[in-house]
$ cat entry-v4.txt   # compact mmCIF, C-alpha atoms
# COMPACT_ATOMS: atom_id res chain seq x y z
CA MET D 1 0.00 0.00 0.00
CA THR D 2 1.39 3.40 -0.92
CA LYS D 3 1.43 6.02 1.79
CA LYS D 4 -1.56 8.30 2.06
CA ARG D 5 -0.80 11.78 0.79
CA ILE D 6 -2.29 14.25 3.26
CA GLY D 7 -2.20 18.01 2.68
CA VAL D 8 -2.71 20.52 5.47
CA PHE D 9 -3.49 24.05 4.29
CA GLY D 10 -3.22 26.67 7.04
CA LEU D 11 -0.52 26.48 9.70
CA GLY D 12 -2.12 28.25 12.64
CA GLN D 13 -2.52 26.60 16.02
CA PHE D 14 -4.79 23.86 14.65
CA GLY D 15 -2.76 23.04 11.51
CA THR D 16 0.55 23.02 13.35
CA SER D 17 -0.82 20.78 16.11
CA LEU D 18 -2.34 18.45 13.54
CA ILE D 19 1.01 18.02 11.77
CA SER D 20 2.83 17.33 15.02
CA PHE D 21 0.26 14.65 15.92
CA LEU D 22 0.36 13.16 12.41
CA LYS D 23 4.12 12.98 12.07
CA SER D 24 4.52 9.73 13.99
CA HIS D 25 2.07 8.02 11.63
CA ASP D 26 2.78 6.44 8.31
CA ALA D 27 1.58 9.16 5.95
CA GLU D 28 3.18 11.63 3.55
CA ILE D 29 2.33 15.06 4.95
CA LYS D 30 2.45 18.24 2.89
CA ALA D 31 2.17 21.48 4.89
CA MET D 32 1.01 24.68 3.20
CA ASP D 33 0.44 28.29 4.22
CA ARG D 34 0.81 31.64 2.50
CA ASP D 35 3.07 32.77 5.37
CA VAL D 36 6.68 31.71 4.71
CA GLU D 37 7.61 31.87 8.39
CA LYS D 38 4.81 29.49 9.39
CA VAL D 39 5.92 27.10 6.66
CA ALA D 40 9.54 27.25 7.85
CA ALA D 41 8.45 26.39 11.40
CA VAL D 42 7.02 22.98 10.43
CA VAL D 43 9.64 21.86 7.88
CA ASP D 44 11.11 19.23 10.20
CA ASP D 45 7.73 17.73 11.03
CA CYS D 46 6.56 16.88 7.53
CA HIS D 47 7.52 15.43 4.18
CA ASP D 48 7.10 18.65 2.25
CA ALA D 49 6.33 22.24 3.28
CA VAL D 50 5.52 24.98 0.79
CA ALA D 51 4.51 28.62 0.90
CA LEU D 52 1.37 28.90 -1.20
CA ASP D 53 -0.63 31.94 -2.26
CA LEU D 54 -4.13 30.89 -3.34
CA LYS D 55 -4.03 33.50 -6.12
CA ASP D 56 -1.19 31.56 -7.79
CA GLN D 57 -3.48 29.12 -9.62
CA LYS D 58 -0.63 27.29 -11.35
CA LYS D 59 1.17 26.52 -8.11
CA VAL D 60 -2.10 25.61 -6.36
CA ASN D 61 -2.80 23.06 -9.11
CA ALA D 62 0.72 21.61 -8.92
CA GLU D 63 0.80 21.29 -5.12
CA LEU D 64 -2.68 19.99 -4.46
CA LYS D 65 -3.17 17.63 -7.39
CA ASN D 66 -3.89 14.00 -6.47
CA LEU D 67 -3.78 14.46 -2.70
CA ASP D 68 -5.68 11.69 -0.90
CA ILE D 69 -6.88 14.09 1.76
CA LEU D 70 -6.75 17.88 2.00
CA ILE D 71 -7.50 19.48 5.36
CA ILE D 72 -8.25 23.19 5.27
CA THR D 73 -7.66 24.55 8.75
CA VAL D 74 -7.73 28.32 8.21
CA GLY D 75 -9.51 29.89 11.16
CA GLU D 76 -9.68 33.56 10.23
CA SER D 77 -11.51 33.51 6.92
CA PRO D 78 -13.88 31.12 5.16
CA LEU D 79 -12.48 32.00 1.74
CA PRO D 80 -9.64 29.42 1.47
CA ALA D 81 -12.06 26.61 2.35
CA ILE D 82 -14.52 27.76 -0.30
CA LEU D 83 -11.89 28.33 -3.00
CA LEU D 84 -10.03 25.06 -2.44
CA SER D 85 -13.17 22.95 -2.01
CA ALA D 86 -14.36 24.12 -5.41
CA LEU D 87 -11.26 22.53 -6.97
CA LYS D 88 -11.79 19.08 -5.42
CA ASP D 89 -12.79 17.20 -8.59
CA GLU D 90 -10.63 19.17 -11.00
CA LEU D 91 -7.50 18.44 -8.97
CA ASN D 92 -8.51 14.84 -8.22
CA ILE D 93 -8.36 15.32 -4.45
CA GLY D 94 -9.83 12.27 -2.71
CA ARG D 95 -11.40 13.99 0.26
CA ILE D 96 -11.55 17.51 1.61
CA ILE D 97 -12.03 18.30 5.31
CA CYS D 98 -12.86 21.93 6.12
CA ARG D 99 -12.94 24.09 9.20
CA ALA D 100 -16.38 25.65 9.62
CA HIS D 101 -16.99 29.39 9.74
CA GLY D 102 -20.64 29.66 10.66
CA SER D 103 -23.75 28.43 8.94
CA THR D 104 -23.48 30.45 5.71
CA THR D 105 -20.07 29.02 4.87
CA GLU D 106 -21.33 25.57 5.74
CA LYS D 107 -24.18 25.90 3.26
CA ILE D 108 -21.77 26.93 0.51
CA LEU D 109 -19.38 24.07 1.28
CA LEU D 110 -22.23 21.55 1.19
CA LYS D 111 -23.31 22.89 -2.22
CA ILE D 112 -19.77 22.57 -3.56
CA GLY D 113 -19.88 18.93 -2.53
CA ILE D 114 -18.14 18.73 0.86
CA GLU D 115 -19.65 16.08 3.14
CA LYS D 116 -21.35 17.41 6.26
CA THR D 117 -19.22 15.09 8.38
CA ASP D 118 -16.10 16.60 6.83
CA ILE D 119 -16.89 20.09 8.10
CA PHE D 120 -15.52 20.69 11.60
CA SER D 121 -15.38 23.45 14.19
CA PRO D 122 -12.84 23.06 17.01
CA GLU D 123 -14.49 25.99 18.81
CA THR D 124 -18.03 24.61 18.77
CA GLU D 125 -16.99 21.14 19.91
CA ALA D 126 -14.81 22.52 22.69
CA ALA D 127 -17.55 24.95 23.80
CA LYS D 128 -20.06 22.11 24.05
CA ASP D 129 -17.65 20.09 26.20
CA MET D 130 -16.93 23.04 28.45
CA ALA D 131 -20.61 23.90 28.94
CA ARG D 132 -21.26 20.33 29.99
CA LYS D 133 -18.32 20.25 32.38
CA LEU D 134 -19.29 23.56 33.99
CA THR D 135 -22.88 22.54 34.61
CA THR D 136 -22.87 18.79 35.28
CA PRO D 137 -21.27 17.61 38.49
CA TYR D 138 -19.13 14.47 38.14
CA SER D 139 -19.46 14.45 34.36
CA ALA D 140 -16.49 12.69 32.78
CA ASP D 141 -15.15 13.94 29.48
CA ASN D 142 -14.50 10.54 28.24
CA LEU D 143 -13.16 7.26 29.51
CA PRO D 144 -9.69 7.49 31.07
CA LEU D 145 -7.95 5.39 28.41
CA SER D 146 -4.20 4.94 28.55
CA ALA D 147 -2.05 5.73 25.50
CA ASP D 148 -2.25 2.20 24.09
CA GLU D 149 -5.99 1.72 24.67
CA GLU D 150 -8.65 2.63 22.14
CA ILE D 151 -12.35 2.33 21.48
CA TRP D 152 -13.22 0.89 18.09
CA ASN D 153 -16.56 0.87 16.34
CA VAL D 154 -16.76 -2.10 13.97
CA GLU D 155 -19.18 -4.43 12.26
CA ILE D 156 -18.80 -7.85 13.87
CA PRO D 157 -16.50 -10.41 12.22
CA LYS D 158 -18.38 -12.95 10.09
CA ASP D 159 -17.49 -15.86 12.36
CA TRP D 160 -19.27 -14.22 15.33
CA ASP D 161 -22.61 -14.56 13.49
CA GLY D 162 -25.08 -16.78 15.35
CA HIS D 163 -23.07 -16.85 18.58
CA SER D 164 -24.07 -15.36 21.92
CA ILE D 165 -21.86 -12.86 23.74
CA LYS D 166 -21.37 -15.46 26.48
CA ASP D 167 -20.28 -18.15 24.00
CA LEU D 168 -17.85 -15.90 22.18
CA ASP D 169 -16.14 -15.07 25.47
CA ILE D 170 -14.57 -12.03 23.83
CA ARG D 171 -13.07 -10.70 27.03
CA LYS D 172 -11.13 -13.90 27.69
CA LYS D 173 -10.25 -14.65 24.06
CA TYR D 174 -9.09 -11.18 22.99
CA ALA D 175 -8.78 -9.27 26.29
CA VAL D 176 -11.16 -6.75 24.78
CA ASN D 177 -14.30 -5.34 26.34
CA LEU D 178 -17.57 -5.18 24.42
CA ILE D 179 -19.11 -1.92 25.63
CA CYS D 180 -22.17 -1.53 23.46
CA ILE D 181 -24.06 -3.03 20.56
CA GLN D 182 -26.01 -1.48 17.73
CA ARG D 183 -28.22 -4.12 16.16
CA LYS D 184 -28.48 -4.24 12.41
CA ASP D 185 -31.18 -1.83 11.15
CA MET D 186 -31.46 -0.13 14.55
CA THR D 187 -30.22 3.35 15.29
CA THR D 188 -30.06 3.06 19.08
CA TYR D 189 -27.22 1.59 21.09
CA ASP D 190 -27.54 -0.94 23.87
CA PHE D 191 -25.00 -0.33 26.63
CA ALA D 192 -26.17 -3.28 28.71
CA PRO D 193 -26.59 -6.26 26.40
CA THR D 194 -27.37 -9.53 28.17
CA PRO D 195 -24.74 -12.29 27.84
CA ASP D 196 -27.35 -14.42 26.06
CA LEU D 197 -27.77 -11.98 23.18
CA VAL D 198 -27.04 -13.72 19.86
CA LEU D 199 -25.03 -11.58 17.44
CA GLN D 200 -25.85 -11.41 13.74
CA THR D 201 -23.88 -10.30 10.71
CA GLY D 202 -24.45 -6.57 10.32
CA ASP D 203 -24.49 -5.83 14.05
CA LYS D 204 -22.00 -3.17 15.06
CA VAL D 205 -20.12 -3.08 18.35
CA HIS D 206 -17.95 -0.70 20.33
CA LEU D 207 -14.90 -2.54 21.61
CA LEU D 208 -12.43 -1.22 24.15
CA GLY D 209 -8.96 -2.64 24.59
CA LYS D 210 -5.26 -2.48 23.87
CA LYS D 211 -4.45 -1.51 20.27
CA ASP D 212 -2.69 -4.80 19.49
CA ARG D 213 -5.59 -6.87 20.80
CA LEU D 214 -8.07 -4.86 18.77
CA GLY D 215 -5.79 -5.45 15.79
CA GLU D 216 -6.26 -9.19 16.17
CA ILE D 217 -10.01 -8.79 15.85
CA LEU D 218 -9.43 -6.58 12.82
CA LYS D 219 -7.81 -9.53 11.03
CA HIS D 220 -11.05 -11.47 11.43
CA ILE D 221 -13.09 -8.55 10.15
CA GLU D 222 -11.02 -7.94 7.05
CA GLY D 223 -10.07 -11.57 6.41
CA MET L 1 -28.22 27.65 46.48
CA THR L 2 -27.75 30.90 44.59
CA LYS L 3 -27.10 30.67 40.88
CA LYS L 4 -23.50 30.47 39.76
CA ARG L 5 -22.34 33.71 38.18
CA ILE L 6 -20.40 32.85 35.04
CA GLY L 7 -18.67 35.49 32.92
CA VAL L 8 -17.61 34.87 29.33
CA PHE L 9 -15.10 37.35 27.95
CA GLY L 10 -14.67 37.18 24.18
CA LEU L 11 -17.61 36.51 21.88
CA GLY L 12 -15.99 34.86 18.90
CA GLN L 13 -17.04 31.43 17.67
CA PHE L 14 -16.04 29.71 20.91
CA GLY L 15 -17.58 32.25 23.32
CA THR L 16 -20.82 32.51 21.38
CA SER L 17 -21.17 28.73 21.17
CA LEU L 18 -20.41 28.40 24.87
CA ILE L 19 -23.18 30.84 25.78
CA SER L 20 -25.69 29.09 23.56
CA PHE L 21 -24.86 25.74 25.21
CA LEU L 22 -24.95 27.26 28.71
CA LYS L 23 -28.25 29.09 28.33
CA SER L 24 -30.42 26.08 29.07
CA HIS L 25 -28.61 25.54 32.37
CA ASP L 26 -29.30 27.16 35.68
CA ALA L 27 -26.58 29.80 35.78
CA GLU L 28 -26.40 33.58 35.53
CA ILE L 29 -24.38 34.28 32.40
CA LYS L 30 -22.66 37.59 31.73
CA ALA L 31 -21.31 38.02 28.18
CA MET L 32 -18.52 40.51 27.47
CA ASP L 33 -16.58 41.68 24.43
CA ARG L 34 -15.04 44.95 23.34
CA ASP L 35 -17.05 44.71 20.09
CA VAL L 36 -20.55 46.19 20.57
CA GLU L 37 -22.00 44.22 17.66
CA LYS L 38 -20.85 40.91 19.07
CA VAL L 39 -22.37 41.83 22.42
CA ALA L 40 -25.66 42.77 20.77
CA ALA L 41 -25.79 39.39 19.01
CA VAL L 42 -25.91 37.39 22.28
CA VAL L 43 -28.19 39.63 24.34
CA ASP L 44 -31.11 37.20 24.15
CA ASP L 45 -29.02 34.22 25.24
CA CYS L 46 -27.71 35.54 28.53
CA HIS L 47 -28.58 37.38 31.71
CA ASP L 48 -26.37 40.36 31.01
CA ALA L 49 -24.29 41.45 28.01
CA VAL L 50 -21.86 44.35 28.10
CA ALA L 51 -19.34 45.95 25.80
CA LEU L 52 -16.08 46.08 27.72
CA ASP L 53 -12.75 47.67 26.84
CA LEU L 54 -9.98 46.20 28.98
CA LYS L 55 -8.34 49.64 29.19
CA ASP L 56 -11.36 50.89 31.15
CA GLN L 57 -10.13 49.63 34.53
CA LYS L 58 -13.11 51.02 36.44
CA LYS L 59 -15.65 49.22 34.29
CA VAL L 60 -13.56 46.02 34.28
CA ASN L 61 -13.60 46.05 38.10
CA ALA L 62 -17.33 46.66 38.27
CA GLU L 63 -18.30 44.00 35.74
CA LEU L 64 -15.97 41.18 36.79
CA LYS L 65 -16.07 41.55 40.58
CA ASN L 66 -17.25 38.47 42.49
CA LEU L 67 -17.86 36.27 39.47
CA ASP L 68 -17.82 32.59 40.41
CA ILE L 69 -16.19 31.65 37.10
CA LEU L 70 -14.64 33.79 34.37
CA ILE L 71 -13.91 32.15 31.03
CA ILE L 72 -11.54 34.05 28.74
CA THR L 73 -12.10 32.77 25.23
CA VAL L 74 -10.23 35.30 23.11
CA GLY L 75 -8.53 33.43 20.27
CA GLU L 76 -6.54 36.14 18.51
CA SER L 77 -4.33 37.49 21.27
CA PRO L 78 -3.01 36.18 24.59
CA LEU L 79 -3.18 39.62 26.19
CA PRO L 80 -6.76 39.59 27.56
CA ALA L 81 -6.11 36.24 29.29
CA ILE L 82 -2.94 37.57 30.89
CA LEU L 83 -4.46 40.91 31.93
CA LEU L 84 -7.66 39.47 33.37
CA SER L 85 -5.97 36.52 35.08
CA ALA L 86 -3.74 38.93 36.97
CA LEU L 87 -6.86 40.46 38.56
CA LYS L 88 -8.26 37.16 39.87
CA ASP L 89 -7.63 37.72 43.58
CA GLU L 90 -8.14 41.47 43.56
CA LEU L 91 -11.61 41.09 42.01
CA ASN L 92 -12.51 38.03 44.07
CA ILE L 93 -13.15 35.87 41.03
CA GLY L 94 -13.58 32.24 42.10
CA ARG L 95 -12.03 30.53 39.12
CA ILE L 96 -10.56 31.65 35.81
CA ILE L 97 -10.49 29.42 32.72
CA CYS L 98 -8.27 30.62 29.86
CA ARG L 99 -7.81 29.79 26.23
CA ALA L 100 -4.18 28.85 25.55
CA HIS L 101 -1.99 30.69 23.07
CA GLY L 102 1.15 28.58 22.93
CA SER L 103 3.63 27.60 25.59
CA THR L 104 4.93 31.07 26.50
CA THR L 105 1.48 32.34 27.40
CA GLU L 106 0.82 29.16 29.33
CA LYS L 107 3.94 29.71 31.45
CA ILE L 108 2.84 33.26 32.26
CA LEU L 109 -0.70 32.15 33.16
CA LEU L 110 0.65 29.44 35.47
CA LYS L 111 2.87 32.01 37.21
CA ILE L 112 -0.10 34.33 37.72
CA GLY L 113 -1.86 31.44 39.44
CA ILE L 114 -4.12 29.86 36.81
CA GLU L 115 -4.46 26.09 37.24
CA LYS L 116 -2.96 24.00 34.42
CA THR L 117 -6.28 22.19 34.06
CA ASP L 118 -8.01 25.55 33.55
CA ILE L 119 -5.98 26.39 30.46
CA PHE L 120 -7.56 25.02 27.28
CA SER L 121 -6.94 24.99 23.54
CA PRO L 122 -9.85 24.01 21.30
CA GLU L 123 -7.43 23.78 18.35
CA THR L 124 -4.97 21.39 19.99
CA GLU L 125 -7.67 19.08 21.31
CA ALA L 126 -9.47 19.00 17.97
CA ALA L 127 -6.20 18.46 16.07
CA LYS L 128 -5.36 15.47 18.27
CA ASP L 129 -8.78 13.95 17.63
CA MET L 130 -8.50 14.49 13.89
CA ALA L 131 -4.99 12.99 13.67
CA ARG L 132 -6.25 9.89 15.45
CA LYS L 133 -9.31 9.59 13.23
CA LEU L 134 -7.27 9.99 10.03
CA THR L 135 -4.73 7.35 10.97
CA THR L 136 -6.58 4.74 13.04
CA PRO L 137 -9.15 2.64 11.23
CA TYR L 138 -12.37 2.04 13.17
CA SER L 139 -11.34 4.37 15.97
CA ALA L 140 -14.42 5.75 17.71
CA ASP L 141 -14.36 9.30 18.98
CA ASN L 142 -16.25 8.43 22.02
CA LEU L 143 -19.18 6.32 23.05
CA PRO L 144 -22.37 7.05 21.10
CA LEU L 145 -24.33 8.39 24.05
CA SER L 146 -27.80 9.78 23.51
CA ALA L 147 -28.70 13.25 24.77
CA ASP L 148 -29.90 12.02 28.18
CA GLU L 149 -27.00 9.63 28.80
CA GLU L 150 -23.79 10.59 30.54
CA ILE L 151 -20.61 9.13 31.94
CA TRP L 152 -19.87 10.14 35.53
CA ASN L 153 -16.68 9.73 37.48
CA VAL L 154 -17.42 9.47 41.20
CA GLU L 155 -16.10 8.12 44.44
CA ILE L 156 -18.33 5.22 45.47
CA PRO L 157 -21.19 5.90 47.91
CA LYS L 158 -20.36 4.94 51.51
CA ASP L 159 -22.91 2.14 51.62
CA TRP L 160 -21.18 0.32 48.74
CA ASP L 161 -18.11 -0.24 50.94
CA GLY L 162 -17.36 -3.92 51.55
CA HIS L 163 -19.77 -5.17 48.89
CA SER L 164 -18.87 -6.97 45.68
CA ILE L 165 -19.96 -5.69 42.26
CA LYS L 166 -22.14 -8.79 41.91
CA ASP L 167 -23.83 -8.23 45.30
CA LEU L 168 -24.52 -4.57 44.64
CA ASP L 169 -26.28 -5.47 41.38
CA ILE L 170 -25.88 -1.88 40.23
CA ARG L 171 -27.19 -2.51 36.75
CA LYS L 172 -30.47 -3.91 38.01
CA LYS L 173 -30.88 -1.53 40.95
CA TYR L 174 -30.04 1.74 39.19
CA ALA L 175 -30.04 0.80 35.48
CA VAL L 176 -26.53 2.18 35.38
CA ASN L 177 -23.44 0.51 33.91
CA LEU L 178 -20.19 0.36 35.85
CA ILE L 179 -17.57 0.75 33.10
CA CYS L 180 -14.34 0.98 35.01
CA ILE L 181 -12.85 1.14 38.47
CA GLN L 182 -9.89 3.00 39.88
CA ARG L 183 -8.90 1.46 43.20
CA LYS L 184 -8.02 3.76 46.05
CA ASP L 185 -4.34 4.76 45.89
CA MET L 186 -3.96 3.36 42.36
CA THR L 187 -3.53 5.49 39.26
CA THR L 188 -4.54 2.89 36.67
CA TYR L 189 -8.06 2.01 35.64
CA ASP L 190 -9.52 -1.46 35.38
CA PHE L 191 -11.95 -1.74 32.48
CA ALA L 192 -12.74 -5.38 33.16
CA PRO L 193 -13.33 -5.79 36.91
CA THR L 194 -14.52 -9.24 37.95
CA PRO L 195 -18.00 -9.41 39.48
CA ASP L 196 -16.41 -10.69 42.69
CA LEU L 197 -14.34 -7.56 43.22
CA VAL L 198 -15.15 -6.03 46.63
CA LEU L 199 -15.41 -2.25 46.60
CA GLN L 200 -13.91 -0.07 49.30
CA THR L 201 -14.49 3.52 50.38
CA GLY L 202 -12.17 5.67 48.31
CA ASP L 203 -12.52 3.61 45.11
CA LYS L 204 -13.61 5.68 42.13
CA VAL L 205 -15.84 4.43 39.34
CA HIS L 206 -16.98 5.52 35.90
CA LEU L 207 -20.70 5.01 35.60
CA LEU L 208 -22.72 5.24 32.39
CA GLY L 209 -26.46 5.73 32.32
CA LYS L 210 -29.43 8.03 32.02
CA LYS L 211 -28.99 11.35 33.82
CA ASP L 212 -31.89 10.77 36.21
CA ARG L 213 -30.62 7.34 37.20
CA LEU L 214 -27.14 8.72 37.83
CA GLY L 215 -28.79 11.40 39.92
CA GLU L 216 -30.23 8.74 42.23
CA ILE L 217 -26.75 7.45 42.93
CA LEU L 218 -25.63 11.02 43.54
CA LYS L 219 -28.06 11.23 46.48
CA HIS L 220 -26.24 8.32 48.12
CA ILE L 221 -22.87 9.92 47.52
CA GLU L 222 -23.78 13.30 48.92
CA GLY L 223 -26.18 12.06 51.60
$ encode --input "entry-v4.txt" --output "structure tokens"
Amino acid sequence: MTKKRIGVFGLGQFGTSLISFLKSHDAEIKAMDRDVEKVAAVVDDCHDAVALDLKDQKKVNAELKNLDILIITVGESPLPAILLSALKDELNIGRIICRAHGSTTEKILLKIGIEKTDIFSPETEAAKDMARKLTTPYSADNLPLSADEEIWNVEIPKDWDGHSIKDLDIRKKYAVNLICIQRKDMTTYDFAPTPDLVLQTGDKVHLLGKKDRLGEILKHIEG
Amino acid sequence: MTKKRIGVFGLGQFGTSLISFLKSHDAEIKAMDRDVEKVAAVVDDCHDAVALDLKDQKKVNAELKNLDILIITVGESPLPAILLSALKDELNIGRIICRAHGSTTEKILLKIGIEKTDIFSPETEAAKDMARKLTTPYSADNLPLSADEEIWNVEIPKDWDGHSIKDLDIRKKYAVNLICIQRKDMTTYDFAPTPDLVLQTGDKVHLLGKKDRLGEILKHIEG
């Protein structure tokens, strides 16, 4: 498998953080900003870093062509997201993820063809979390996972079909915890499934465990 | 109990979102920004909204005095966070929560007496989440809780002391799921406690369930 080519346009606090978190992963990261100094600051963290003025159409075409993913992180103005999103098909960019700038921009981005789930707002998400923390006593942000623990949401492996949770003995076999189940064709989640529940192909589960143990289950899913 | 007085300084995307999320809760919200238009836009969502120039020391004193919590959300410059944090004791503000602007600002805020846990960066948190999502297949952001479900992190009620998880039958009694346990004096969490585990005063647990059911347990904890 060739490495994923990921472009990050906009090297403010979000873009710079994103690159530093991505650098340990197996992807080819291209960092872009119109500000030369911001570009220079991330050179060591990525595969390629270029100063890019969006008015320079020729350079835009050359740098963005055939990226697997382009993330537009610019926080000050909605214009880069709108301009670059419009070029998605022309430049054969696989997927574009855009920072949101209010509902008007969102409407435009949706019309251009950006998926709703690919429009994000760090501010809105963080504000929601903070409001909850300030008003709900005891509320936990999330589960206190250690660095090598993750929660995965997957469709069950084929060979689990027709077996009960008890019979599968997932906890003993994989050292992974089944936290909740979404039955096929249902939109609600069951956080307290009985051990006698019989799983069926198409059911989705949230599994919690060490990364390597989850990886073992992944082999069954993909195999 | 009198209502908590919460001040929000800075009405950009984060501050405005925060106020809209807070408005349904039982708190007295005061919105502040130097920009009159931004203040006007949130008037209906809060108890009090005022245009405030930080150079107007007299007005700053009058508006911020005796707030229970002041949240400084300004994203463009670190100066408001530094200026206002320095006034914490003088103005008898209970707690100040600040948006982070890089490591230098953070050092200054810590010196002025802001708690590390009260310094936040929406961008960094969101960037971390996105990096994980882009590189880990199947990784779930979080558990898919519905609007009335929450995860709480609490010290166990006194009357659970000396009882096993099985004996307490928490799931049946409260319709709440015990997801993990942190034993007293331990820093690690156990996501797969055996039903025979005997709880002791001082143990902390993460509980998942409907808000009202969690509230019933709260009565035991506080009572």
$ residues_around --input "entry-v4.txt" --residues "segment 190-194 of chain D" --least-positions-apart "3" --cutoff "6 Å" --atoms "only C-alpha atoms" --output "list in words"
Cys180, Ile181 and Leu197 of chain D
$ atom_distance --input "entry-v4.txt" --atom1 "atom CA of Leu70 of chain L" --atom2 "atom CA of Gly7 of chain L"
4.6 Å
$ atom_distance --input "entry-v4.txt" --atom1 "atom CA of Thr201 of chain L" --atom2 "atom CA of Ala175 of chain L"
21.7 Å
$ atom_distance --input "entry-v4.txt" --atom1 "atom CA of Leu214 of chain D" --atom2 "atom CA of Pro157 of chain D"
12.0 Å
$ closest_residue --input "entry-v4.txt" --among "L:Leu168, L:Leu64, L:Ile156, L:Val43" --to "chain D" --atoms "only C-alpha atoms"
L:Ile156
$ interface_residues --input "entry-v4.txt" --of "chain D" --to "chain L" --cutoff "6 Å" --atoms "all atoms listed in the file" --output "PyMOL selection string"
chain D and resi 14+17-18+21-22+122-124+126-127+131+138-140+151-153
$ axis_aligned_box --input "entry-v4.txt" --around "segment 147-154 of chain L" --padding-each-side "3 Å" --output "lines of an AutoDock Vina configuration file"
center_x = -23.3
center_y = 11.2
center_z = 33.0
size_x = 19.2
size_y = 10.1
size_z = 22.4
$ residues_around --input "entry-v4.txt" --residues "segment 45-57 of chain D" --least-positions-apart "4" --cutoff "9 Å" --atoms "only C-alpha atoms" --output "compact mmCIF listing (two decimals) with C-alpha atoms, keeping the file's coordinate frame"
# COMPACT_ATOMS: atom_id res chain seq x y z
CA PHE D 9 -3.49 24.05 4.29
CA ILE D 19 1.01 18.02 11.77
CA SER D 20 2.83 17.33 15.02
CA LEU D 22 0.36 13.16 12.41
CA LYS D 23 4.12 12.98 12.07
CA ALA D 27 1.58 9.16 5.95
CA GLU D 28 3.18 11.63 3.55
CA ILE D 29 2.33 15.06 4.95
CA LYS D 30 2.45 18.24 2.89
CA ALA D 31 2.17 21.48 4.89
CA MET D 32 1.01 24.68 3.20
CA ASP D 33 0.44 28.29 4.22
CA ARG D 34 0.81 31.64 2.50
CA ASP D 35 3.07 32.77 5.37
CA VAL D 36 6.68 31.71 4.71
CA GLU D 37 7.61 31.87 8.39
CA LYS D 38 4.81 29.49 9.39
CA VAL D 39 5.92 27.10 6.66
CA ALA D 40 9.54 27.25 7.85
CA ALA D 41 8.45 26.39 11.40
CA ASN D 61 -2.80 23.06 -9.11
CA ALA D 62 0.72 21.61 -8.92
CA GLU D 63 0.80 21.29 -5.12
CA PRO D 80 -9.64 29.42 1.47
CA LEU D 83 -11.89 28.33 -3.00
CA LEU D 84 -10.03 25.06 -2.44
$ closest_residue --input "entry-v4.txt" --among "D:Lys116, D:Glu149, D:Asn66, D:Lys88" --to "Asp212 of chain D" --atoms "all atoms listed in the file"
D:Glu149
$ residues_around --input "entry-v4.txt" --residues "Tyr174 of chain D" --least-positions-apart "4" --cutoff "8 Å" --atoms "only C-alpha atoms" --output "list in words"
Ile170, Arg213, Leu214, Glu216 and Ile217 of chain D
$ residues_around --input "entry-v4.txt" --residues "Asp89 of chain L" --least-positions-apart "6" --cutoff "12 Å" --atoms "all atoms listed in the file" --output "PyMOL selection string"
chain L and resi 61+64-68+95-96+112-114
$ build_atoms --input "entry-v4.txt" --residues "segment 129-136 of chain L" --atoms "N, CA, C and O atoms" --output "PDB file, keeping the file's coordinate frame"
ATOM      1  N   ASP L 129      -7.671  14.823  18.034  1.00  0.00           N
ATOM      2  CA  ASP L 129      -8.780  13.950  17.630  1.00  0.00           C
ATOM      3  C   ASP L 129      -8.720  13.643  16.136  1.00  0.00           C
ATOM      4  O   ASP L 129      -8.898  12.512  15.711  1.00  0.00           O
ATOM      5  N   MET L 130      -8.488  14.693  15.336  1.00  0.00           N
ATOM      6  CA  MET L 130      -8.500  14.490  13.890  1.00  0.00           C
ATOM      7  C   MET L 130      -7.339  13.607  13.444  1.00  0.00           C
ATOM      8  O   MET L 130      -7.508  12.723  12.602  1.00  0.00           O
ATOM      9  N   ALA L 131      -6.153  13.812  14.026  1.00  0.00           N
ATOM     10  CA  ALA L 131      -4.990  12.990  13.670  1.00  0.00           C
ATOM     11  C   ALA L 131      -5.300  11.522  13.950  1.00  0.00           C
ATOM     12  O   ALA L 131      -4.991  10.641  13.148  1.00  0.00           O
ATOM     13  N   ARG L 132      -5.925  11.270  15.088  1.00  0.00           N
ATOM     14  CA  ARG L 132      -6.250   9.890  15.450  1.00  0.00           C
ATOM     15  C   ARG L 132      -7.253   9.301  14.459  1.00  0.00           C
ATOM     16  O   ARG L 132      -7.083   8.186  13.962  1.00  0.00           O
ATOM     17  N   LYS L 133      -8.281  10.089  14.140  1.00  0.00           N
ATOM     18  CA  LYS L 133      -9.310   9.590  13.230  1.00  0.00           C
ATOM     19  C   LYS L 133      -8.754   9.312  11.828  1.00  0.00           C
ATOM     20  O   LYS L 133      -9.153   8.381  11.157  1.00  0.00           O
ATOM     21  N   LEU L 134      -7.821  10.149  11.387  1.00  0.00           N
ATOM     22  CA  LEU L 134      -7.270   9.990  10.030  1.00  0.00           C
ATOM     23  C   LEU L 134      -6.338   8.795   9.925  1.00  0.00           C
ATOM     24  O   LEU L 134      -6.110   8.272   8.840  1.00  0.00           O
ATOM     25  N   THR L 135      -5.769   8.374  11.044  1.00  0.00           N
ATOM     26  CA  THR L 135      -4.730   7.350  10.970  1.00  0.00           C
ATOM     27  C   THR L 135      -5.137   6.006  11.585  1.00  0.00           C
ATOM     28  O   THR L 135      -4.499   5.007  11.320  1.00  0.00           O
ATOM     29  N   THR L 136      -6.170   5.997  12.422  1.00  0.00           N
ATOM     30  CA  THR L 136      -6.580   4.740  13.040  1.00  0.00           C
ATOM     31  C   THR L 136      -7.888   4.272  12.429  1.00  0.00           C
ATOM     32  O   THR L 136      -8.901   4.951  12.563  1.00  0.00           O
TER      33      THR L 136
END
